[in-house]
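K.L.:
File follows, data_25.txt with compact mmCIF, C-alpha atoms and all ligand atoms:
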```txt
# COMPACT_ATOMS: atom_id res chain seq x y z
CA MET A 1 0.00 0.00 0.00
CA LYS A 2 1.23 3.49 -0.85
CA VAL A 3 2.24 5.72 2.07
CA PHE A 4 2.37 9.51 1.77
CA TYR A 5 4.48 11.66 4.04
CA HIS A 6 6.44 14.95 3.97
CA SER A 7 9.48 15.30 6.24
CA LEU A 8 9.16 19.10 6.55
CA GLU A 9 7.12 18.53 9.73
CA GLN A 10 10.17 17.23 11.61
CA ASN A 11 11.29 20.87 12.03
CA TYR A 12 7.88 21.88 13.36
CA ALA A 13 7.71 21.77 17.16
CA PRO A 14 5.52 24.30 18.99
CA ARG A 15 6.57 24.39 22.64
CA HIS A 16 3.22 25.09 24.25
CA SER A 17 -0.50 24.87 23.95
CA PHE A 18 -2.66 27.34 25.91
CA PHE A 19 -5.30 25.65 28.05
CA ASN A 20 -7.33 26.84 31.05
CA GLY A 21 -5.23 29.96 31.30
CA VAL A 22 -1.83 28.27 31.44
CA LEU A 23 0.80 27.15 28.97
CA VAL A 24 1.10 23.36 28.82
CA PRO A 25 3.63 21.25 26.88
CA TYR A 26 2.54 20.83 23.25
CA PRO A 27 1.44 17.22 22.67
CA ASP A 28 1.77 17.16 18.86
CA VAL A 29 5.51 16.43 18.81
CA PRO A 30 7.70 15.28 15.87
CA GLY A 31 8.30 12.01 17.73
CA ARG A 32 4.71 10.99 16.90
CA THR A 33 5.40 10.56 13.21
CA ARG A 34 8.90 9.21 13.87
CA ASN A 35 7.39 6.38 15.92
CA ILE A 36 4.90 5.52 13.17
CA LEU A 37 7.53 5.69 10.41
CA ALA A 38 9.93 3.47 12.36
CA ALA A 39 7.21 0.85 12.80
CA ILE A 40 6.18 0.65 9.15
CA GLU A 41 9.70 1.05 7.72
CA GLY A 42 10.63 -2.61 7.84
CA ASP A 43 7.18 -3.85 6.78
CA ALA A 44 6.94 -4.71 3.07
CA ARG A 45 3.21 -3.91 2.97
CA PHE A 46 4.01 -0.19 3.27
CA GLU A 47 5.56 1.52 0.21
CA MET A 48 6.86 5.02 0.99
CA GLN A 49 6.10 7.43 -1.86
CA PRO A 50 8.16 10.49 -2.84
CA PRO A 51 7.12 13.78 -1.17
CA PRO A 52 3.92 15.21 -2.71
CA ALA A 53 4.08 18.07 -5.22
CA PRO A 54 4.24 21.45 -3.39
CA HIS A 55 0.91 23.24 -2.98
CA SER A 56 -0.97 20.51 -4.86
CA ALA A 57 -3.72 20.54 -2.23
CA ALA A 58 -4.69 24.20 -2.92
CA PRO A 59 -6.29 24.66 0.53
CA GLU A 60 -7.65 28.13 -0.34
CA ALA A 61 -10.39 26.46 -2.41
CA LEU A 62 -11.74 24.88 0.78
CA HIS A 63 -10.67 27.28 3.55
CA GLY A 64 -11.12 30.54 1.63
CA PRO A 65 -8.32 32.81 0.42
CA GLY A 66 -8.70 35.20 3.39
CA PHE A 67 -7.77 32.55 5.95
CA VAL A 68 -4.94 31.04 3.91
CA GLU A 69 -3.43 34.43 3.00
CA ALA A 70 -3.66 35.62 6.59
CA MET A 71 -1.76 32.58 7.82
CA GLU A 72 0.92 33.03 5.15
CA ALA A 73 1.30 36.73 5.98
CA VAL A 74 1.48 36.28 9.75
CA CYS A 75 3.85 33.29 9.66
CA GLY A 76 6.09 35.16 7.21
CA ARG A 77 6.60 37.91 9.80
CA LEU A 78 7.31 35.72 12.83
CA ARG A 79 10.82 35.40 14.26
CA GLU A 80 12.44 31.98 13.97
CA ASP A 81 11.96 31.20 17.69
CA GLU A 82 8.62 32.95 18.11
CA GLN A 83 5.43 31.23 19.24
CA PHE A 84 2.42 33.39 18.45
CA PHE A 85 -0.97 32.86 20.09
CA PRO A 86 -3.74 34.75 18.28
CA PHE A 87 -5.52 37.59 20.03
CA LEU A 88 -9.17 36.71 20.63
CA ALA A 89 -12.17 39.06 20.73
CA ARG A 90 -15.94 38.72 20.44
CA PRO A 91 -17.71 39.25 18.17
CA ALA A 92 -14.86 37.86 16.10
CA ALA A 93 -15.67 40.10 13.12
CA LEU A 94 -14.27 43.04 15.12
CA LEU A 95 -10.81 41.57 14.69
CA LEU A 96 -10.94 42.03 10.92
CA LYS A 97 -11.16 45.80 11.48
CA SER A 98 -7.65 45.89 12.91
CA ALA A 99 -4.79 47.37 10.88
CA TYR A 100 -2.48 44.65 12.26
CA PRO A 101 -2.29 41.32 10.40
CA ARG A 102 -1.51 39.56 13.70
CA ILE A 103 -4.66 40.86 15.31
CA ARG A 104 -6.75 40.00 12.23
CA MET A 105 -5.44 36.41 12.54
CA GLY A 106 -7.54 36.04 15.70
CA TYR A 107 -10.63 35.98 13.47
CA TYR A 108 -9.42 32.69 12.00
CA THR A 109 -9.42 30.61 15.13
CA VAL A 110 -12.06 29.51 17.63
CA ASP A 111 -9.87 28.87 20.65
CA GLY A 112 -6.46 29.89 21.91
CA SER A 113 -4.99 26.40 22.04
CA THR A 114 -2.76 26.49 18.97
CA PRO A 115 0.17 28.84 18.38
CA LEU A 116 1.60 29.79 15.00
CA LEU A 117 5.32 29.49 14.27
CA ALA A 118 7.35 30.93 11.42
CA GLN A 119 7.13 27.54 9.65
CA SER A 120 3.44 26.80 10.38
CA TYR A 121 2.14 27.89 6.98
CA GLN A 122 4.64 25.81 4.98
CA VAL A 123 4.18 22.79 7.23
CA ALA A 124 0.37 23.08 6.97
CA LEU A 125 0.63 23.16 3.18
CA ALA A 126 2.88 20.08 3.15
CA ALA A 127 0.46 18.21 5.42
CA ALA A 128 -2.45 19.07 3.14
CA ASP A 129 -0.43 17.99 0.09
CA THR A 130 0.28 14.67 1.81
CA ALA A 131 -3.40 13.93 2.29
CA THR A 132 -4.46 14.95 -1.21
CA ALA A 133 -1.65 12.86 -2.71
CA GLY A 134 -3.23 9.92 -0.90
CA ALA A 135 -6.61 10.82 -2.38
CA GLN A 136 -5.02 11.02 -5.83
CA ALA A 137 -3.72 7.45 -5.39
CA LEU A 138 -7.29 6.25 -4.84
CA LEU A 139 -8.46 8.18 -7.91
CA GLU A 140 -5.78 6.28 -9.84
CA GLY A 141 -7.14 2.92 -8.71
CA GLU A 142 -5.52 2.12 -5.36
CA ARG A 143 -7.95 0.48 -2.91
CA LEU A 144 -6.07 1.44 0.26
CA ALA A 145 -3.56 4.23 1.01
CA TYR A 146 -2.09 5.83 4.12
CA ALA A 147 -1.36 9.54 4.50
CA ILE A 148 0.64 10.64 7.55
CA PRO A 149 0.28 14.42 7.69
CA ARG A 150 1.48 16.42 10.68
CA PRO A 151 -0.03 18.58 12.07
CA PRO A 152 -3.37 16.73 12.16
CA GLY A 153 -6.37 18.41 10.54
CA HIS A 154 -9.87 17.55 11.76
CA HIS A 155 -10.28 20.55 14.11
CA ALA A 156 -9.60 22.99 11.23
CA GLY A 157 -12.83 24.38 9.79
CA ARG A 158 -13.76 26.43 6.77
CA GLU A 159 -12.25 29.60 8.23
CA PHE A 160 -10.51 28.55 11.40
CA PHE A 161 -7.54 26.65 12.78
CA ALA A 162 -7.69 25.10 16.25
CA GLY A 163 -6.76 22.08 18.38
CA TYR A 164 -3.23 21.58 16.94
CA CYS A 165 -4.76 21.61 13.41
CA LEU A 166 -4.02 24.24 10.74
CA PHE A 167 -5.61 23.03 7.47
CA ASN A 168 -8.08 20.14 7.33
CA ASN A 169 -6.10 17.36 5.65
CA ALA A 170 -8.90 14.76 5.63
CA ALA A 171 -11.46 17.26 4.32
CA LEU A 172 -9.16 18.31 1.48
CA ALA A 173 -8.69 14.63 0.62
CA ALA A 174 -12.46 14.04 0.70
CA VAL A 175 -13.06 16.96 -1.66
CA ARG A 176 -10.45 15.56 -4.06
CA LEU A 177 -12.11 12.13 -3.87
CA GLY A 178 -15.38 13.79 -4.84
CA GLU A 179 -14.32 13.15 -8.43
CA MET A 180 -15.36 9.52 -7.78
CA GLY A 181 -18.80 10.48 -6.42
CA LYS A 182 -20.08 10.60 -2.85
CA VAL A 183 -17.49 10.32 -0.08
CA ALA A 184 -17.82 9.42 3.60
CA ILE A 185 -15.44 10.61 6.31
CA LEU A 186 -15.34 8.22 9.25
CA ASP A 187 -13.63 9.88 12.21
CA VAL A 188 -12.40 7.56 14.96
CA ASP A 189 -10.13 10.05 16.73
CA PHE A 190 -10.96 10.44 20.44
CA HIS A 191 -11.97 14.06 19.76
CA HIS A 192 -14.87 15.28 17.70
CA GLY A 193 -13.70 16.70 14.37
CA ASN A 194 -15.48 20.02 14.67
CA GLY A 195 -13.57 21.37 11.68
CA SER A 196 -14.66 18.56 9.39
CA GLN A 197 -18.24 18.95 10.63
CA ASP A 198 -18.11 22.70 9.96
CA ILE A 199 -16.84 22.23 6.41
CA PHE A 200 -19.43 19.69 5.28
CA TYR A 201 -22.39 20.60 7.51
CA ASP A 202 -24.64 21.79 4.69
CA ARG A 203 -23.42 19.40 2.00
CA ASP A 204 -25.05 16.15 0.89
CA ASP A 205 -22.08 14.85 -1.15
CA VAL A 206 -19.88 14.18 1.90
CA LEU A 207 -21.10 12.24 4.93
CA TYR A 208 -19.31 12.98 8.19
CA VAL A 209 -19.61 10.30 10.88
CA SER A 210 -17.71 10.66 14.14
CA LEU A 211 -17.18 8.52 17.24
CA HIS A 212 -15.73 10.63 20.01
CA CYS A 213 -15.85 11.60 23.65
CA ARG A 214 -18.95 13.65 24.40
CA PRO A 215 -18.48 17.44 24.41
CA GLU A 216 -19.55 17.68 28.06
CA GLU A 217 -16.26 16.01 28.96
CA ALA A 218 -13.72 16.64 26.23
CA TYR A 219 -12.33 19.04 23.65
CA PRO A 220 -13.63 20.69 21.47
CA TYR A 221 -16.48 21.20 24.03
CA ILE A 222 -18.45 23.37 21.58
CA ALA A 223 -19.45 20.69 19.06
CA GLY A 224 -20.05 16.96 18.80
CA SER A 225 -23.51 16.41 20.23
CA ARG A 226 -25.98 13.94 18.76
CA GLU A 227 -28.38 16.74 17.81
CA GLU A 228 -25.95 18.20 15.25
CA GLY A 229 -27.26 16.41 12.19
CA GLY A 230 -26.46 18.70 9.27
CA ALA A 231 -28.30 21.67 7.74
CA GLY A 232 -30.18 22.41 4.53
CA LYS A 233 -29.58 19.72 1.94
CA GLY A 234 -26.90 18.35 4.28
CA ARG A 235 -29.50 17.35 6.85
CA GLY A 236 -28.84 13.73 7.81
CA CYS A 237 -25.28 13.84 6.44
CA ASN A 238 -23.63 14.67 9.76
CA VAL A 239 -23.71 11.90 12.35
CA ASN A 240 -22.24 12.34 15.82
CA LEU A 241 -21.93 9.33 18.12
CA PRO A 242 -20.67 10.80 21.40
CA LEU A 243 -19.46 8.38 24.07
CA PRO A 244 -18.69 9.00 27.76
CA ALA A 245 -15.21 9.19 29.24
CA GLY A 246 -14.02 5.74 30.23
CA THR A 247 -15.58 4.01 27.22
CA ALA A 248 -14.02 0.57 26.70
CA TRP A 249 -14.14 -1.84 23.78
CA GLU A 250 -17.65 -3.27 24.14
CA ASP A 251 -19.45 0.07 23.91
CA TYR A 252 -16.99 1.39 21.37
CA GLU A 253 -17.58 -1.61 19.09
CA ALA A 254 -21.35 -1.11 19.22
CA ALA A 255 -20.98 2.57 18.30
CA LEU A 256 -18.59 1.75 15.46
CA GLN A 257 -21.11 -0.76 14.15
CA THR A 258 -23.73 2.01 14.12
CA ALA A 259 -21.27 4.36 12.38
CA LEU A 260 -20.60 1.77 9.69
CA GLU A 261 -24.32 1.28 9.13
CA HIS A 262 -24.61 5.01 8.44
CA VAL A 263 -21.73 4.79 5.95
CA ARG A 264 -23.33 1.81 4.17
CA ARG A 265 -26.68 3.56 3.93
CA PHE A 266 -25.02 6.63 2.39
CA ALA A 267 -23.43 4.35 -0.28
CA PRO A 268 -20.26 6.37 -0.94
CA GLN A 269 -17.70 5.61 -3.64
CA ALA A 270 -14.79 6.07 -1.22
CA VAL A 271 -14.10 6.51 2.49
CA VAL A 272 -11.62 8.74 4.30
CA LEU A 273 -10.73 7.40 7.74
CA SER A 274 -9.69 10.13 10.16
CA ALA A 275 -7.52 7.83 12.23
CA GLY A 276 -6.64 9.01 15.71
CA PHE A 277 -4.97 6.75 18.25
CA ASP A 278 -5.87 8.92 21.25
CA THR A 279 -8.65 6.44 22.12
CA LEU A 280 -5.92 4.33 23.70
CA ALA A 281 -6.05 3.87 27.50
CA GLN A 282 -2.45 5.13 27.81
CA ASP A 283 -3.10 8.35 25.90
CA PRO A 284 -2.20 11.40 28.01
CA ILE A 285 -5.11 13.46 26.61
CA GLY A 286 -7.79 10.93 25.67
CA LEU A 287 -10.20 9.47 28.23
CA PHE A 288 -11.19 6.16 26.56
CA SER A 289 -9.87 2.74 27.48
CA LEU A 290 -9.05 0.95 24.22
CA GLU A 291 -6.05 -1.36 23.92
CA ILE A 292 -3.58 -1.54 21.05
CA ASP A 293 -5.10 -4.85 19.86
CA HIS A 294 -8.47 -3.15 19.43
CA MET A 295 -7.05 -1.17 16.51
CA GLN A 296 -6.94 -4.43 14.56
CA ARG A 297 -10.62 -5.07 15.29
CA ILE A 298 -11.45 -1.52 14.22
CA GLY A 299 -9.54 -2.13 10.99
CA ARG A 300 -11.31 -5.42 10.33
CA MET A 301 -14.74 -3.87 10.83
CA ILE A 302 -13.95 -0.97 8.48
CA ALA A 303 -12.51 -3.33 5.86
CA GLY A 304 -15.95 -4.96 5.85
CA LEU A 305 -17.26 -1.92 3.97
CA GLY A 306 -15.39 -3.17 0.91
CA LEU A 307 -14.79 0.40 -0.30
CA PRO A 308 -11.65 2.28 -1.45
CA LEU A 309 -10.16 3.71 1.73
CA LEU A 310 -7.73 6.51 2.48
CA VAL A 311 -6.42 6.45 6.04
CA VAL A 312 -5.43 9.96 7.17
CA GLN A 313 -3.53 10.21 10.44
CA GLU A 314 -5.09 12.53 13.02
CA GLY A 315 -4.21 12.51 16.74
CA GLY A 316 -2.71 10.06 19.20
CA TYR A 317 -0.30 11.35 21.84
CA HIS A 318 1.15 8.33 23.63
CA VAL A 319 4.18 8.44 21.38
CA PRO A 320 5.66 4.97 22.10
CA SER A 321 2.37 3.25 21.12
CA LEU A 322 1.60 5.00 17.85
CA GLY A 323 3.58 2.77 15.50
CA ALA A 324 2.09 -0.34 17.09
CA CYS A 325 -1.41 1.13 16.74
CA ALA A 326 -0.83 1.84 13.03
CA LEU A 327 0.45 -1.70 12.40
CA LYS A 328 -2.56 -3.22 14.18
CA LEU A 329 -5.01 -0.99 12.32
CA PHE A 330 -3.57 -2.07 8.98
CA ASP A 331 -3.42 -5.73 10.09
CA GLY A 332 -7.19 -5.45 10.39
CA LEU A 333 -7.70 -3.44 7.21
CA ILE A 334 -5.61 -5.75 5.03
CA GLN A 335 -6.58 -9.24 6.21
ZN ZN A 401 -7.68 13.74 18.96
```
Before we go any further, please render this structure as structure tokens.
Ligand SMILES: [Zn+2]

P.N.:
Amino acid sequence: MKVFYHSLEQNYAPRHSFFNGVLVPYPDVPGRTRNILAAIEGDARFEMQPPPAPHSAAPEALHGPGFVEAMEAVCGRLREDEQFFPFLARPAALLLKSAYPRIRMGYYTVDGSTPLLAQSYQVALAAADTATAGAQALLEGERLAYAIPRPPGHHAGREFFAGYCLFNNAALAAVRLGEMGKVAILDVDFHHGNGSQDIFYDRDDVLYVSLHCRPEEAYPYIAGSREEGGAGKGRGCNVNLPLPAGTAWEDYEAALQTALEHVRRFAPQAVVLSAGFDTLAQDPIGLFSLEIDHMQRIGRMIAGLGLPLLVVQEGGYHVPSLGACALKLFDGLIQ
């Protein structure tokens, strides 16, 4: 199976996230991808592809030129060692009145969790390119491909970055796959993909189905409830399956079964799996209790769809387990 990756992200290491009024160590570290790459390196099933063509994802078509240009402008002015947290104000539209590009940048986020660095824009582009290169492989006839973008993407919405995510890699891949027909995004990251939901909320050509910890207990707090079912012609094409903290395999399996039924009913031509490994019991952020072996069972259940599948890496923060999780997931997907 073809694997898509861009090494630019190894130089991308924000020091802090901002949470509950304090700076905390940033969990999306370069070691995450290193652990996954080391695990799949010696496995003949995984064929590393050359780096994707620069700016092939064209994120401005999805995120809007204002957002993309603002990120490019602000990152271009940051010092090499600078970590910039956007200024927040409400209503957010007030921020666009500012003469300062940095202040205007606050319009394009929904929380203060994620800083920008000088290299954020270029790294975000490379991550997006990685995911769309994976989508391209499916368009060219591959049945299964793996994209390993960093940073992750599912918290990035139409006009906002948040939750360690800058551009929405999986959403960009889904849009590219739209050339095949209807596409489903199945999101099994511990967190609700509020960005993916935002992007496709009023569309009926992309189904978004997410299993995640309920917003009463976990980030992003402001989205992910069962009642959010899509709008306009997209009504019924957004399915949230929130689960309580502490969820273990039995309840997770039942919810995944429900999620897969929604995918089958939608009858897509391809599926994008937003694959997060922060459902693991050991994860320092996640609150579920899955074991590494459960990734194989998740893979086997998803393989039962019998559809072309692009796996896009999202979260997962227990670094030493990530490679093992990826191998188990693909054990299930391939068998
Ligand atoms: Zn997550």

K.L.:
Show me, as a VMD selection string, the residues that have an atom within 9 Å of region 112-117 of chain A when counting all atoms listed in the file, minus same-chain residues fewer than 3 positions from it.

P.N.:
chain A and resid 12 to 19 26 71 74 to 75 78 to 88 106 109 120 to 121 161 to 166

K.L.:
Produce a table with one row for each residue of region 42-84 of chain A that has an atom at most 10 Å from any atom of region 140-151 of chain A, each row naming the nearest atom pair and its distance in Å at one decimal; use all atoms listed in the file; arrange rows by chain and rising residue number; format as JSON lines.

P.N.:
```
{"residue": "A:Phe46", "atom": "CA", "partner": "A:Tyr146", "partner_atom": "CA", "distance": 8.6}
{"residue": "A:Glu47", "atom": "CA", "partner": "A:Ala145", "partner_atom": "CA", "distance": 9.5}
{"residue": "A:Met48", "atom": "CA", "partner": "A:Tyr146", "partner_atom": "CA", "distance": 9.5}
```

K.L.:
Around ligand ZN 401 (chain A), which protein and nucleic acid residues have at least one atom no more than 7 Å from it, if we count all atoms listed in the file? List them as a PDB file with C-alpha atoms, keeping the file's coordinate frame.

P.N.:
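And here is the file that came out, pocket03.pdb:
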```pdb
ATOM      1  CA  ASP A 189     -10.130  10.050  16.730  1.00  0.00           C
ATOM      2  CA  PHE A 190     -10.960  10.440  20.440  1.00  0.00           C
ATOM      3  CA  HIS A 191     -11.970  14.060  19.760  1.00  0.00           C
ATOM      4  CA  GLY A 276      -6.640   9.010  15.710  1.00  0.00           C
ATOM      5  CA  ASP A 278      -5.870   8.920  21.250  1.00  0.00           C
ATOM      6  CA  GLU A 314      -5.090  12.530  13.020  1.00  0.00           C
ATOM      7  CA  GLY A 315      -4.210  12.510  16.740  1.00  0.00           C
ATOM      8  CA  GLY A 316      -2.710  10.060  19.200  1.00  0.00           C
TER       9      GLY A 316
END
```

K.L.:
Work out how far apart CA of Gln282 (chain A) and CA of Pro244 (chain A) are and give it in Å to one decimal.

P.N.:
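Taking CA of Gln282 (chain A) and CA of Pro244 (chain A), their separation equals 16.7 Å.
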
K.L.:
Residues within 10 Å of Leu177 (chain A), please, as a short mmCIF file (atom, residue, chain, number, x, y, z; two decimals) with C-alpha atoms, in the coordinates of the input. Count only C-alpha atoms; anything in the same chain fewer than 2 positions from it doesn't count.

P.N.:
```cif
data_model
loop_
_atom_site.label_atom_id
_atom_site.label_comp_id
_atom_site.auth_asym_id
_atom_site.auth_seq_id
_atom_site.Cartn_x
_atom_site.Cartn_y
_atom_site.Cartn_z
CA THR A 132 -4.46 14.95 -1.21
CA GLY A 134 -3.23 9.92 -0.90
CA ALA A 135 -6.61 10.82 -2.38
CA GLN A 136 -5.02 11.02 -5.83
CA ALA A 137 -3.72 7.45 -5.39
CA LEU A 138 -7.29 6.25 -4.84
CA LEU A 139 -8.46 8.18 -7.91
CA ALA A 171 -11.46 17.26 4.32
CA LEU A 172 -9.16 18.31 1.48
CA ALA A 173 -8.69 14.63 0.62
CA ALA A 174 -12.46 14.04 0.70
CA VAL A 175 -13.06 16.96 -1.66
CA GLU A 179 -14.32 13.15 -8.43
CA MET A 180 -15.36 9.52 -7.78
CA GLY A 181 -18.80 10.48 -6.42
CA LYS A 182 -20.08 10.60 -2.85
CA VAL A 183 -17.49 10.32 -0.08
CA ALA A 184 -17.82 9.42 3.60
CA VAL A 206 -19.88 14.18 1.90
CA GLN A 269 -17.70 5.61 -3.64
CA ALA A 270 -14.79 6.07 -1.22
CA VAL A 271 -14.10 6.51 2.49
CA VAL A 272 -11.62 8.74 4.30
CA LEU A 310 -7.73 6.51 2.48
#
```

K.L.:
Go through A:Lys233, A:Arg32, A:Lys2, A:Arg104 one by one, measure the shortest atom-to-atom distance of each to Pro320 (chain A) using only C-alpha atoms, and give the residue with the smallest value.

P.N.:
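Residue with the minimum atom-to-atom distance to Pro320 (chain A): A:Arg32.
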
K.L.:
Could you check how far CA of Asn11 (chain A) sits from CA of Leu273 (chain A), in Å to one decimal?

P.N.:
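These atoms are spaced 26.2 Å apart.
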
K.L.:
Counting all atoms listed in the file, find the residues whose atoms lie at most 6 Å from (-18.4, 9.9, 7.2) (file coordinates) and write them out as a PDB file with C-alpha atoms, keeping the file's coordinate frame.

P.N.:
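Once written, part37.pdb looks like this:
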```
ATOM      1  CA  ALA A 184     -17.820   9.420   3.600  1.00  0.00           C
ATOM      2  CA  ILE A 185     -15.440  10.610   6.310  1.00  0.00           C
ATOM      3  CA  LEU A 186     -15.340   8.220   9.250  1.00  0.00           C
ATOM      4  CA  LEU A 207     -21.100  12.240   4.930  1.00  0.00           C
ATOM      5  CA  TYR A 208     -19.310  12.980   8.190  1.00  0.00           C
ATOM      6  CA  VAL A 209     -19.610  10.300  10.880  1.00  0.00           C
TER       7      VAL A 209
END
```

K.L.:
Suppose you want the space between CA of Pro152 (chain A) and CA of Asn169 (chain A); what is it in Å?

P.N.:
7.1 Å

K.L.:
Hey, what's within 12 Å of Leu329 (chain A) if we count only C-alpha atoms and toss same-chain stuff fewer than 6 positions away? As a list of chain:residue names, please?

P.N.:
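Everything that qualifies: A:Ile36, A:Ile40, A:Tyr146, A:Val188, A:Leu273, A:Ala275, A:Gly276, A:Phe277, A:Glu291, A:Ile292, A:Asp293, A:His294, A:Met295, A:Gln296, A:Arg297, A:Ile298, A:Gly299, A:Arg300, A:Met301, A:Ile302, A:Ala303, A:Val311, A:Gln313, A:Leu322, A:Gly323, A:Gln335.
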
K.L.:
Between A:Leu305, A:Leu211, A:Ala281, A:Ala39, which one has atoms that come closest to Glu253 (chain A), using all atoms listed in the file?

P.N.:
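That would be A:Leu211, the residue with the smallest distance to Glu253 (chain A).
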
K.L.:
Measuring atom to atom with all atoms listed in the file, identify which of A:Gln122, A:Gln49, A:Asn238, A:Ser210 is nearest to Gly193 (chain A).

P.N.:
A:Ser210

K.L.:
Counting only C-alpha atoms, which residue out of A:Tyr252, A:Phe266, A:Phe288, A:Phe330 sits closest to Asp205 (chain A)?

P.N.:
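Comparing A:Tyr252, A:Phe266, A:Phe288, A:Phe330 against Asp205 (chain A), the winner is A:Phe266.
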
K.L.:
Determine the nearest neighbour of Phe4 (chain A) from the options A:Asp198, A:Asp129, A:Glu216, A:Glu69, counting only C-alpha atoms.

P.N.:
A:Asp129

K.L.:
Can you take the partial region 32-45 of chain A, add N, CA and C atoms, and return it as a CSV table (one decimal), in the coordinates of the input?

P.N.:
```
chain,number,residue,atom,x,y,z
A,32,ARG,N,5.9,11.7,17.3
A,32,ARG,CA,4.7,11.0,16.9
A,32,ARG,C,4.9,10.3,15.5
A,33,THR,N,5.2,11.1,14.6
A,33,THR,CA,5.4,10.6,13.2
A,33,THR,C,6.6,9.7,13.1
A,34,ARG,N,7.7,10.1,13.9
A,34,ARG,CA,8.9,9.2,13.9
A,34,ARG,C,8.6,7.8,14.4
A,35,ASN,N,7.7,7.7,15.4
A,35,ASN,CA,7.4,6.4,15.9
A,35,ASN,C,6.6,5.6,14.9
A,36,ILE,N,5.7,6.2,14.2
A,36,ILE,CA,4.9,5.5,13.2
A,36,ILE,C,5.8,5.1,12.0
A,37,LEU,N,6.7,6.0,11.6
A,37,LEU,CA,7.5,5.7,10.4
A,37,LEU,C,8.5,4.5,10.7
A,38,ALA,N,9.0,4.5,12.0
A,38,ALA,CA,9.9,3.5,12.4
A,38,ALA,C,9.2,2.1,12.3
A,39,ALA,N,8.0,2.1,12.7
A,39,ALA,CA,7.2,0.8,12.8
A,39,ALA,C,6.9,0.3,11.4
A,40,ILE,N,6.6,1.2,10.5
A,40,ILE,CA,6.2,0.6,9.2
A,40,ILE,C,7.4,0.5,8.2
A,41,GLU,N,8.5,1.0,8.6
A,41,GLU,CA,9.7,1.0,7.7
A,41,GLU,C,10.1,-0.4,7.3
A,42,GLY,N,10.2,-1.3,8.2
A,42,GLY,CA,10.6,-2.6,7.8
A,42,GLY,C,9.5,-3.6,7.4
A,43,ASP,N,8.3,-3.0,7.1
A,43,ASP,CA,7.2,-3.8,6.8
A,43,ASP,C,6.9,-3.7,5.3
A,44,ALA,N,7.0,-4.8,4.5
A,44,ALA,CA,6.9,-4.7,3.1
A,44,ALA,C,5.6,-4.3,2.6
A,45,ARG,N,4.6,-4.3,3.4
A,45,ARG,CA,3.2,-3.9,3.0
A,45,ARG,C,3.1,-2.4,2.7
```
